[in-house]
>>> print(open('upload_12.pdb').read())   # PDB, C-alpha atoms, pLDDT in the B column
ATOM      1  CA  LEU U   1      -9.712   5.345 -10.995  1.00 92.00           C
ATOM      2  CA  ILE U   2      -8.698   5.402  -7.336  1.00 94.00           C
ATOM      3  CA  SER U   3      -5.702   6.646  -5.398  1.00 93.00           C
ATOM      4  CA  ARG U   4      -2.960   4.355  -4.178  1.00 91.00           C
ATOM      5  CA  ARG U   5      -3.985   4.830  -0.559  1.00 91.00           C
ATOM      6  CA  CYS U   6      -7.568   3.908  -1.399  1.00 93.00           C
ATOM      7  CA  ALA U   7      -6.372   0.850  -3.333  1.00 93.00           C
ATOM      8  CA  GLU U   8      -4.413  -0.355  -0.309  1.00 88.00           C
ATOM      9  CA  SER U   9      -7.616  -0.222   1.736  1.00 88.00           C
ATOM     10  CA  VAL U  10      -9.562  -2.053  -0.973  1.00 91.00           C
ATOM     11  CA  LEU U  11      -6.951  -4.816  -0.984  1.00 87.00           C
ATOM     12  CA  ARG U  12      -7.608  -5.150   2.742  1.00 83.00           C
ATOM     13  CA  GLY U  13     -11.284  -5.771   2.100  1.00 85.00           C
ATOM     14  CA  ALA U  14     -12.780  -2.267   1.981  1.00 89.00           C
ATOM     15  CA  ASP U  15     -15.142  -0.814  -0.601  1.00 92.00           C
ATOM     16  CA  VAL U  16     -14.273   2.382  -2.508  1.00 95.00           C
ATOM     17  CA  PHE U  17     -15.290   5.526  -0.663  1.00 96.00           C
ATOM     18  CA  ILE U  18     -15.719   8.834  -2.452  1.00 95.00           C
ATOM     19  CA  PRO U  19     -12.589  10.605  -1.057  1.00 94.00           C
ATOM     20  CA  GLY U  20     -10.438   7.891  -2.666  1.00 94.00           C
ATOM     21  CA  MET U  21     -11.989   8.238  -6.129  1.00 94.00           C
ATOM     22  CA  VAL U  22      -9.756  10.223  -8.474  1.00 91.00           C
ATOM     23  CA  GLY U  23     -11.337   9.813 -11.911  1.00 88.00           C
ATOM     24  CA  CYS U  24     -14.294   8.222 -13.584  1.00 87.00           C
ATOM     25  CA  SER U  25     -15.644   7.415 -17.039  1.00 85.00           C
ATOM     26  CA  PRO U  26     -17.713  10.330 -18.371  1.00 82.00           C
ATOM     27  CA  ARG U  27     -21.017   8.445 -18.440  1.00 84.00           C
ATOM     28  CA  ALA U  28     -20.644   6.390 -15.247  1.00 88.00           C
ATOM     29  CA  ALA U  29     -23.879   6.249 -13.264  1.00 92.00           C
ATOM     30  CA  ALA U  30     -25.194   4.620 -10.104  1.00 94.00           C
ATOM     31  CA  GLY U  31     -25.780   0.912 -10.716  1.00 94.00           C
ATOM     32  CA  ASP U  32     -23.124   0.574 -13.424  1.00 94.00           C
ATOM     33  CA  THR U  33     -20.598  -2.250 -13.159  1.00 94.00           C
ATOM     34  CA  VAL U  34     -17.145  -0.699 -13.444  1.00 92.00           C
ATOM     35  CA  THR U  35     -13.519  -1.780 -13.556  1.00 91.00           C
ATOM     36  CA  VAL U  36     -11.568  -0.299 -10.649  1.00 94.00           C
ATOM     37  CA  LEU U  37      -8.082   0.910 -11.544  1.00 92.00           C
ATOM     38  CA  CYS U  38      -5.330   2.352  -9.378  1.00 92.00           C
ATOM     39  CA  ASP U  39      -2.823   5.009 -10.409  1.00 87.00           C
ATOM     40  CA  VAL U  40       0.111   3.739  -8.352  1.00 88.00           C
ATOM     41  CA  HIS U  41       2.006   7.017  -8.785  1.00 85.00           C
ATOM     42  CA  ASP U  42      -0.999   9.271  -7.957  1.00 85.00           C
ATOM     43  CA  ARG U  43      -0.472  11.366 -11.091  1.00 82.00           C
ATOM     44  CA  HIS U  44      -4.093  12.220 -11.913  1.00 81.00           C
ATOM     45  CA  LEU U  45      -6.037  15.307 -10.959  1.00 81.00           C
ATOM     46  CA  ARG U  46      -9.216  14.636  -9.003  1.00 85.00           C
ATOM     47  CA  GLY U  47     -12.274  14.838 -11.212  1.00 81.00           C
ATOM     48  CA  SER U  48     -10.550  13.500 -14.312  1.00 77.00           C
ATOM     49  CA  SER U  49     -12.587  11.855 -17.055  1.00 73.00           C
ATOM     50  CA  THR U  50     -10.626   8.692 -17.657  1.00 73.00           C
ATOM     51  CA  HIS U  51     -10.432   6.808 -20.956  1.00 73.00           C
ATOM     52  CA  ILE U  52      -7.636   4.479 -19.917  1.00 75.00           C
ATOM     53  CA  LEU U  53      -9.471   1.238 -20.674  1.00 74.00           C
ATOM     54  CA  SER U  54     -10.728   2.350 -24.086  1.00 71.00           C
ATOM     55  CA  THR U  55      -7.460   3.889 -25.295  1.00 71.00           C
ATOM     56  CA  GLY U  56      -4.797   2.082 -23.294  1.00 71.00           C
ATOM     57  CA  LYS U  57      -3.187   5.486 -22.760  1.00 71.00           C
ATOM     58  CA  LEU U  58      -2.993   8.342 -20.263  1.00 73.00           C
ATOM     59  CA  ASP U  59      -4.143  11.873 -21.017  1.00 72.00           C
ATOM     60  CA  PRO U  60      -1.580  14.534 -19.935  1.00 68.00           C
ATOM     61  CA  LYS U  61      -4.373  17.112 -19.679  1.00 69.00           C
ATOM     62  CA  ARG U  62      -5.945  15.072 -16.876  1.00 71.00           C
ATOM     63  CA  MET U  63      -2.742  14.767 -14.895  1.00 69.00           C
ATOM     64  CA  LYS U  64      -0.781  16.885 -12.466  1.00 71.00           C
ATOM     65  CA  GLY U  65       1.252  19.523 -14.284  1.00 67.00           C
ATOM     66  CA  GLY U  66       4.722  18.196 -13.551  1.00 61.00           C
ATOM     67  CA  VAL U  67       4.014  14.828 -15.162  1.00 61.00           C
ATOM     68  CA  ALA U  68       3.740  15.997 -18.769  1.00 59.00           C
ATOM     69  CA  LYS U  69       6.625  18.451 -18.377  1.00 63.00           C
ATOM     70  CA  ALA U  70       8.936  15.812 -16.928  1.00 61.00           C
ATOM     71  CA  LEU U  71       7.979  13.457 -19.740  1.00 60.00           C
ATOM     72  CA  GLU U  72       8.970  16.008 -22.399  1.00 61.00           C
ATOM     73  CA  GLU U  73      12.313  16.585 -20.698  1.00 59.00           C
ATOM     74  CA  THR U  74      13.233  12.906 -20.691  1.00 60.00           C
ATOM     75  CA  GLY U  75      12.828  12.533 -24.458  1.00 60.00           C
ATOM     76  CA  ASN U  76      11.904   8.887 -23.872  1.00 63.00           C
ATOM     77  CA  GLU U  77       9.794   7.898 -26.886  1.00 66.00           C
ATOM     78  CA  GLU U  78       8.676   4.623 -25.301  1.00 64.00           C
ATOM     79  CA  ALA U  79       7.368   6.516 -22.280  1.00 63.00           C
ATOM     80  CA  LYS U  80       5.673   9.118 -24.473  1.00 64.00           C
ATOM     81  CA  ALA U  81       3.839   6.366 -26.340  1.00 67.00           C
ATOM     82  CA  GLN U  82       1.843   5.692 -23.171  1.00 67.00           C
ATOM     83  CA  PHE U  83       0.221   9.125 -23.406  1.00 67.00           C
ATOM     84  CA  ARG U  84      -2.631  10.146 -25.646  1.00 61.00           C
ATOM     85  CA  THR U  85      -1.855  12.877 -28.168  1.00 60.00           C
ATOM     86  CA  ALA U  86      -4.099  15.837 -28.980  1.00 58.00           C
ATOM     87  CA  GLY U  87      -6.944  14.883 -31.295  1.00 55.00           C
ATOM     88  CA  GLU U  88      -6.440  11.141 -30.881  1.00 56.00           C
ATOM     89  CA  ARG U  89      -9.694   9.243 -31.401  1.00 54.00           C
ATOM     90  CA  LEU U  90     -11.536   8.067 -28.301  1.00 49.00           C
ATOM     91  CA  ASP U  91     -13.622   4.929 -28.288  1.00 47.00           C
ATOM     92  CA  HIS U  92     -15.872   4.268 -25.309  1.00 43.00           C
ATOM     93  CA  LYS U  93     -16.836   0.766 -26.420  1.00 40.00           C
ATOM     94  CA  TYR U  94     -14.322  -0.970 -24.214  1.00 38.00           C
ATOM     95  CA  GLY U  95     -14.740  -4.739 -24.393  1.00 37.00           C
ATOM     96  CA  GLU U  96     -16.195  -4.579 -27.906  1.00 36.00           C
ATOM     97  CA  GLU U  97     -13.960  -2.454 -30.088  1.00 37.00           C
ATOM     98  CA  SER U  98     -11.098  -0.295 -28.950  1.00 38.00           C
ATOM     99  CA  GLY U  99      -9.521   1.626 -31.793  1.00 40.00           C
ATOM    100  CA  ALA U 100      -8.726  -0.854 -34.570  1.00 36.00           C
ATOM    101  CA  ARG U 101      -8.317  -3.831 -32.256  1.00 40.00           C
ATOM    102  CA  ARG U 102     -10.710  -6.087 -30.421  1.00 40.00           C
ATOM    103  CA  ILE U 103      -9.932  -6.778 -26.769  1.00 39.00           C
ATOM    104  CA  THR U 104     -10.873 -10.347 -25.904  1.00 42.00           C
ATOM    105  CA  THR U 105      -9.043 -11.340 -22.721  1.00 45.00           C
ATOM    106  CA  THR U 106      -8.155  -9.935 -19.327  1.00 49.00           C
ATOM    107  CA  GLU U 107      -4.483 -10.644 -20.023  1.00 49.00           C
ATOM    108  CA  GLU U 108      -4.573  -8.602 -23.229  1.00 46.00           C
ATOM    109  CA  ARG U 109      -6.261  -5.732 -21.424  1.00 48.00           C
ATOM    110  CA  ASP U 110      -3.655  -5.713 -18.647  1.00 51.00           C
ATOM    111  CA  GLN U 111      -0.827  -5.717 -21.193  1.00 53.00           C
ATOM    112  CA  ARG U 112      -2.284  -2.593 -22.814  1.00 72.00           C
ATOM    113  CA  LEU U 113      -2.498  -0.575 -19.586  1.00 79.00           C
ATOM    114  CA  PRO U 114       0.095   2.198 -19.177  1.00 79.00           C
ATOM    115  CA  GLU U 115       2.894   1.851 -16.664  1.00 78.00           C
ATOM    116  CA  GLY U 116       1.687   2.492 -13.118  1.00 83.00           C
ATOM    117  CA  ILE U 117      -1.967   1.696 -13.838  1.00 87.00           C
ATOM    118  CA  VAL U 118      -3.121  -1.591 -12.294  1.00 88.00           C
ATOM    119  CA  VAL U 119      -6.480  -3.340 -12.122  1.00 91.00           C
ATOM    120  CA  ILE U 120      -7.801  -3.736  -8.576  1.00 92.00           C
ATOM    121  CA  GLY U 121     -11.078  -5.433  -9.434  1.00 92.00           C
ATOM    122  CA  LYS U 122     -14.692  -4.693 -10.326  1.00 93.00           C
ATOM    123  CA  GLY U 123     -17.509  -2.998  -8.487  1.00 94.00           C
ATOM    124  CA  ILE U 124     -20.922  -1.385  -8.733  1.00 96.00           C
ATOM    125  CA  MET U 125     -21.183   2.388  -8.709  1.00 95.00           C
ATOM    126  CA  GLN U 126     -23.314   3.634  -5.820  1.00 96.00           C
ATOM    127  CA  VAL U 127     -23.504   7.214  -7.079  1.00 95.00           C
ATOM    128  CA  ASP U 128     -23.385   9.073 -10.381  1.00 94.00           C
ATOM    129  CA  ARG U 129     -20.098  10.481 -11.643  1.00 91.00           C
ATOM    130  CA  ARG U 130     -21.084  14.028 -10.677  1.00 91.00           C
ATOM    131  CA  VAL U 131     -21.580  13.039  -7.039  1.00 93.00           C
ATOM    132  CA  ALA U 132     -18.460  10.864  -6.973  1.00 92.00           C
ATOM    133  CA  MET U 133     -16.249  13.714  -8.126  1.00 91.00           C
ATOM    134  CA  ASN U 134     -17.811  16.467  -5.985  1.00 90.00           C
ATOM    135  CA  ALA U 135     -18.942  14.943  -2.697  1.00 92.00           C
ATOM    136  CA  LYS U 136     -16.550  14.753   0.251  1.00 90.00           C
ATOM    137  CA  GLU U 137     -17.819  11.583   1.873  1.00 93.00           C
ATOM    138  CA  GLY U 138     -19.903   8.481   1.310  1.00 95.00           C
ATOM    139  CA  LEU U 139     -19.681   5.121  -0.435  1.00 95.00           C
ATOM    140  CA  GLY U 140     -18.746   5.499  -4.086  1.00 95.00           C
ATOM    141  CA  CYS U 141     -18.348   1.962  -5.383  1.00 96.00           C
ATOM    142  CA  LYS U 142     -19.163  -1.388  -3.795  1.00 95.00           C
ATOM    143  CA  MET U 143     -16.564  -3.981  -4.722  1.00 93.00           C
ATOM    144  CA  THR U 144     -17.823  -7.253  -6.194  1.00 93.00           C
ATOM    145  CA  GLU U 145     -14.480  -8.704  -7.317  1.00 91.00           C
ATOM    146  CA  CYS U 146     -10.931  -8.011  -6.181  1.00 89.00           C
ATOM    147  CA  VAL U 147      -7.557  -9.297  -7.322  1.00 87.00           C
ATOM    148  CA  PHE U 148      -6.839 -10.175  -3.700  1.00 78.00           C
ATOM    149  CA  ARG U 149      -9.591 -11.402  -1.408  1.00 76.00           C
ATOM    150  CA  ALA U 150      -9.452 -10.220   2.188  1.00 74.00           C
ATOM    151  CA  PRO U 151     -12.307  -9.923   4.678  1.00 73.00           C
ATOM    152  CA  PRO U 152     -12.986  -6.419   6.063  1.00 68.00           C
ATOM    153  CA  LEU U 153     -11.667  -6.263   9.634  1.00 71.00           C
ATOM    154  CA  ASN U 154     -12.999  -2.860  10.665  1.00 68.00           C
ATOM    155  CA  GLY U 155     -14.485  -3.270  14.139  1.00 70.00           C
ATOM    156  CA  VAL U 156     -13.533  -6.955  14.388  1.00 73.00           C
ATOM    157  CA  LEU U 157     -12.028  -7.827  17.803  1.00 73.00           C
ATOM    158  CA  HIS U 158     -11.768  -4.122  18.551  1.00 72.00           C
ATOM    159  CA  GLY U 159      -8.861  -3.439  20.892  1.00 70.00           C
ATOM    160  CA  SER U 160      -7.568  -7.005  20.643  1.00 75.00           C
ATOM    161  CA  MET U 161      -6.156  -7.030  17.114  1.00 76.00           C
ATOM    162  CA  TYR U 162      -3.932  -4.666  15.119  1.00 77.00           C
ATOM    163  CA  VAL U 163      -3.845  -4.890  11.307  1.00 77.00           C
ATOM    164  CA  GLN U 164      -0.433  -4.531   9.661  1.00 80.00           C
ATOM    165  CA  ASN U 165       0.936  -4.761   6.122  1.00 79.00           C
ATOM    166  CA  LEU U 166       3.296  -7.656   5.428  1.00 82.00           C
ATOM    167  CA  PRO U 167       6.522  -5.548   5.477  1.00 85.00           C
ATOM    168  CA  SER U 168       5.606  -4.226   8.925  1.00 86.00           C
ATOM    169  CA  ILE U 169       4.891  -7.748  10.163  1.00 89.00           C
ATOM    170  CA  VAL U 170       8.227  -9.075   8.916  1.00 92.00           C
ATOM    171  CA  VAL U 171      10.449  -6.346  10.436  1.00 90.00           C
ATOM    172  CA  PRO U 172      10.123  -7.328  14.144  1.00 91.00           C
ATOM    173  CA  HIS U 173      10.751 -10.995  13.324  1.00 92.00           C
ATOM    174  CA  ILE U 174      13.904 -10.142  11.366  1.00 93.00           C
ATOM    175  CA  LEU U 175      15.056  -7.958  14.255  1.00 91.00           C
ATOM    176  CA  ALA U 176      14.294 -10.857  16.644  1.00 92.00           C
ATOM    177  CA  PRO U 177      14.583  -8.792  19.848  1.00 90.00           C
ATOM    178  CA  LEU U 178      15.464 -10.461  23.127  1.00 90.00           C
ATOM    179  CA  PRO U 179      13.660  -9.662  26.387  1.00 87.00           C
ATOM    180  CA  THR U 180      16.805  -7.932  27.631  1.00 88.00           C
ATOM    181  CA  ASP U 181      17.142  -5.637  24.585  1.00 88.00           C
ATOM    182  CA  SER U 182      16.222  -1.969  24.428  1.00 86.00           C
ATOM    183  CA  ILE U 183      14.708  -0.824  21.128  1.00 84.00           C
ATOM    184  CA  LEU U 184      14.454   2.746  19.905  1.00 85.00           C
ATOM    185  CA  ASP U 185      11.993   3.267  17.052  1.00 84.00           C
ATOM    186  CA  MET U 186      12.925   6.636  15.524  1.00 84.00           C
ATOM    187  CA  CYS U 187      10.169   6.608  12.913  1.00 80.00           C
ATOM    188  CA  ALA U 188       7.165   5.411  14.902  1.00 77.00           C
ATOM    189  CA  SER U 189       3.792   6.610  13.732  1.00 74.00           C
ATOM    190  CA  PRO U 190       1.494   5.126  14.843  1.00 78.00           C
ATOM    191  CA  GLY U 191       3.911   2.627  16.394  1.00 82.00           C
ATOM    192  CA  GLY U 192       2.711  -0.710  15.063  1.00 85.00           C
ATOM    193  CA  LYS U 193       6.176  -2.226  14.638  1.00 88.00           C
ATOM    194  CA  ALA U 194       7.329  -0.900  18.021  1.00 87.00           C
ATOM    195  CA  THR U 195       4.418  -2.472  19.861  1.00 85.00           C
ATOM    196  CA  HIS U 196       4.867  -5.661  17.813  1.00 88.00           C
ATOM    197  CA  CYS U 197       8.468  -5.812  19.025  1.00 89.00           C
ATOM    198  CA  ALA U 198       7.226  -5.264  22.567  1.00 87.00           C
ATOM    199  CA  THR U 199       4.878  -8.241  22.351  1.00 86.00           C
ATOM    200  CA  LEU U 200       7.704 -10.443  21.053  1.00 88.00           C
ATOM    201  CA  MET U 201       9.837  -9.300  24.000  1.00 88.00           C
ATOM    202  CA  ASP U 202       6.970  -9.715  26.466  1.00 82.00           C
ATOM    203  CA  ALA U 203       7.670  -6.107  27.368  1.00 71.00           C
ATOM    204  CA  HIS U 204       5.774  -2.815  27.406  1.00 62.00           C
ATOM    205  CA  PRO U 205       6.775   0.349  25.500  1.00 57.00           C
ATOM    206  CA  ASP U 206       7.810   3.226  27.713  1.00 57.00           C
ATOM    207  CA  SER U 207       4.697   5.403  27.645  1.00 47.00           C
ATOM    208  CA  GLU U 208       6.569   8.333  29.189  1.00 47.00           C
ATOM    209  CA  ARG U 209       8.876   8.643  26.189  1.00 51.00           C
ATOM    210  CA  GLU U 210       8.168  10.019  22.747  1.00 47.00           C
ATOM    211  CA  GLU U 211       6.842   6.732  21.373  1.00 46.00           C
ATOM    212  CA  GLY U 212       4.262   6.502  24.117  1.00 46.00           C
ATOM    213  CA  ARG U 213       3.158  10.097  23.689  1.00 50.00           C
ATOM    214  CA  ARG U 214       2.708   9.714  19.932  1.00 49.00           C
ATOM    215  CA  SER U 215       0.987   6.319  20.107  1.00 53.00           C
ATOM    216  CA  PRO U 216      -0.995   6.203  23.355  1.00 54.00           C
ATOM    217  CA  GLY U 217      -3.683   3.929  21.887  1.00 57.00           C
ATOM    218  CA  ASN U 218      -1.236   1.307  20.616  1.00 60.00           C
ATOM    219  CA  VAL U 219       0.799   1.430  23.812  1.00 59.00           C
ATOM    220  CA  ALA U 220      -2.299   0.930  25.928  1.00 59.00           C
ATOM    221  CA  ARG U 221      -3.419  -2.034  23.815  1.00 59.00           C
ATOM    222  CA  ALA U 222       0.062  -3.592  23.946  1.00 54.00           C
TER     223      ALA U 222
END
>>> encode(input="upload_12.pdb", output="structure tokens")
Amino acid sequence: LISRRCAESVLRGADVFIPGMVGCSPRAAAGDTVTVLCDVHDRHLRGSSTHILSTGKLDPKRMKGGVAKALEETGNEEAKAQFRTAGERLDHKYGEESGARRITTTEERDQRLPEGIVVIGKGIMQVDRRVAMNAKEGLGCKMTECVFRAPPLNGVLHGSMYVQNLPSIVVPHILAPLPTDSILDMCASPGGKATHCATLMDAHPDSEREEGRRSPGNVARA
């Protein structure tokens, strides 16, 4: 189980590094092929033993304190059904038998996952669970399959290319700035959209103003 921020990097072509690993199956060891999941809402405590695939449910005891409390306050029975109750039977034979039902397809598995838990792909553990949940750096899982294929771009055309997410790419084109316009980006960090606008305008961000001071690297490259 990895954090949302880690998952975003994986979708860009990265492997899973230890700081992004949140939880792991109790018996996971180096060399094991594992399914990589993302908790989109970052609700889990680091070091959690996850049984999400085998139970199709979340364990409140493995999650940040406010999650279970907020769930009780809503009184939403459908939401509560996504959480494992005390004493509920665990079955680690995911892919063979899970509870009273046999899981046979990827689609069926995805339908059984709780809200906010998504499959990112598969990978091979590079370290044992103990190391993954206690170390502060290093490669934790090497991805072999991903729901979205993207080549890793770290170090590629260094200084000549800037990687952006799709929403950030779209914004400057919707704004469609003219060369004579002045643009003030009041939420620039690190300034990718601002420098993108500058390239569309064939202009240069004002490095003496706040944007330039906060994003000297991007301004210099632009």
>>> resolve_selection(input="upload_12.pdb", expression="the PyMOL selection byres ((chain U and resi 27-42) around 8)", output="VMD selection string")
chain U and resid 1 to 4 7 24 to 26 43 to 44 116 to 129
>>> axis_aligned_box(input="upload_12.pdb", around="region 31-46 of chain U", padding_each_side="8 Å", output="lines of an AutoDock Vina configuration file")
center_x = -11.9
center_y = 6.5
center_z = -10.8
size_x = 43.8
size_y = 33.6
size_z = 21.6
>>> residues_around(input="upload_12.pdb", residues="Tyr162 (chain U)", least_positions_apart="2", cutoff="9 Å", atoms="all atoms listed in the file", output="PyMOL selection string")
chain U and resi 158-160+164+192+218
>>> atom_distance(input="upload_12.pdb", atom1="CA of Ala176 (chain U)", atom2="CA of Met161 (chain U)")
20.8 Å
>>> resolve_selection(input="upload_12.pdb", expression="the PyMOL selection byres ((chain U and resi 183) around 12)", output="JSON, numbers by chain")
{"U": [172, 175, 176, 177, 178, 179, 180, 181, 182, 184, 185, 186, 187, 188, 193, 194, 195, 196, 197, 198, 200, 201, 203, 204, 205, 206, 211]}
>>> atom_distance(input="upload_12.pdb", atom1="CA of Pro19 (chain U)", atom2="CA of Pro151 (chain U)")
21.3 Å
>>> atom_distance(input="upload_12.pdb", atom1="CA of Val22 (chain U)", atom2="CA of Glu145 (chain U)")
19.5 Å
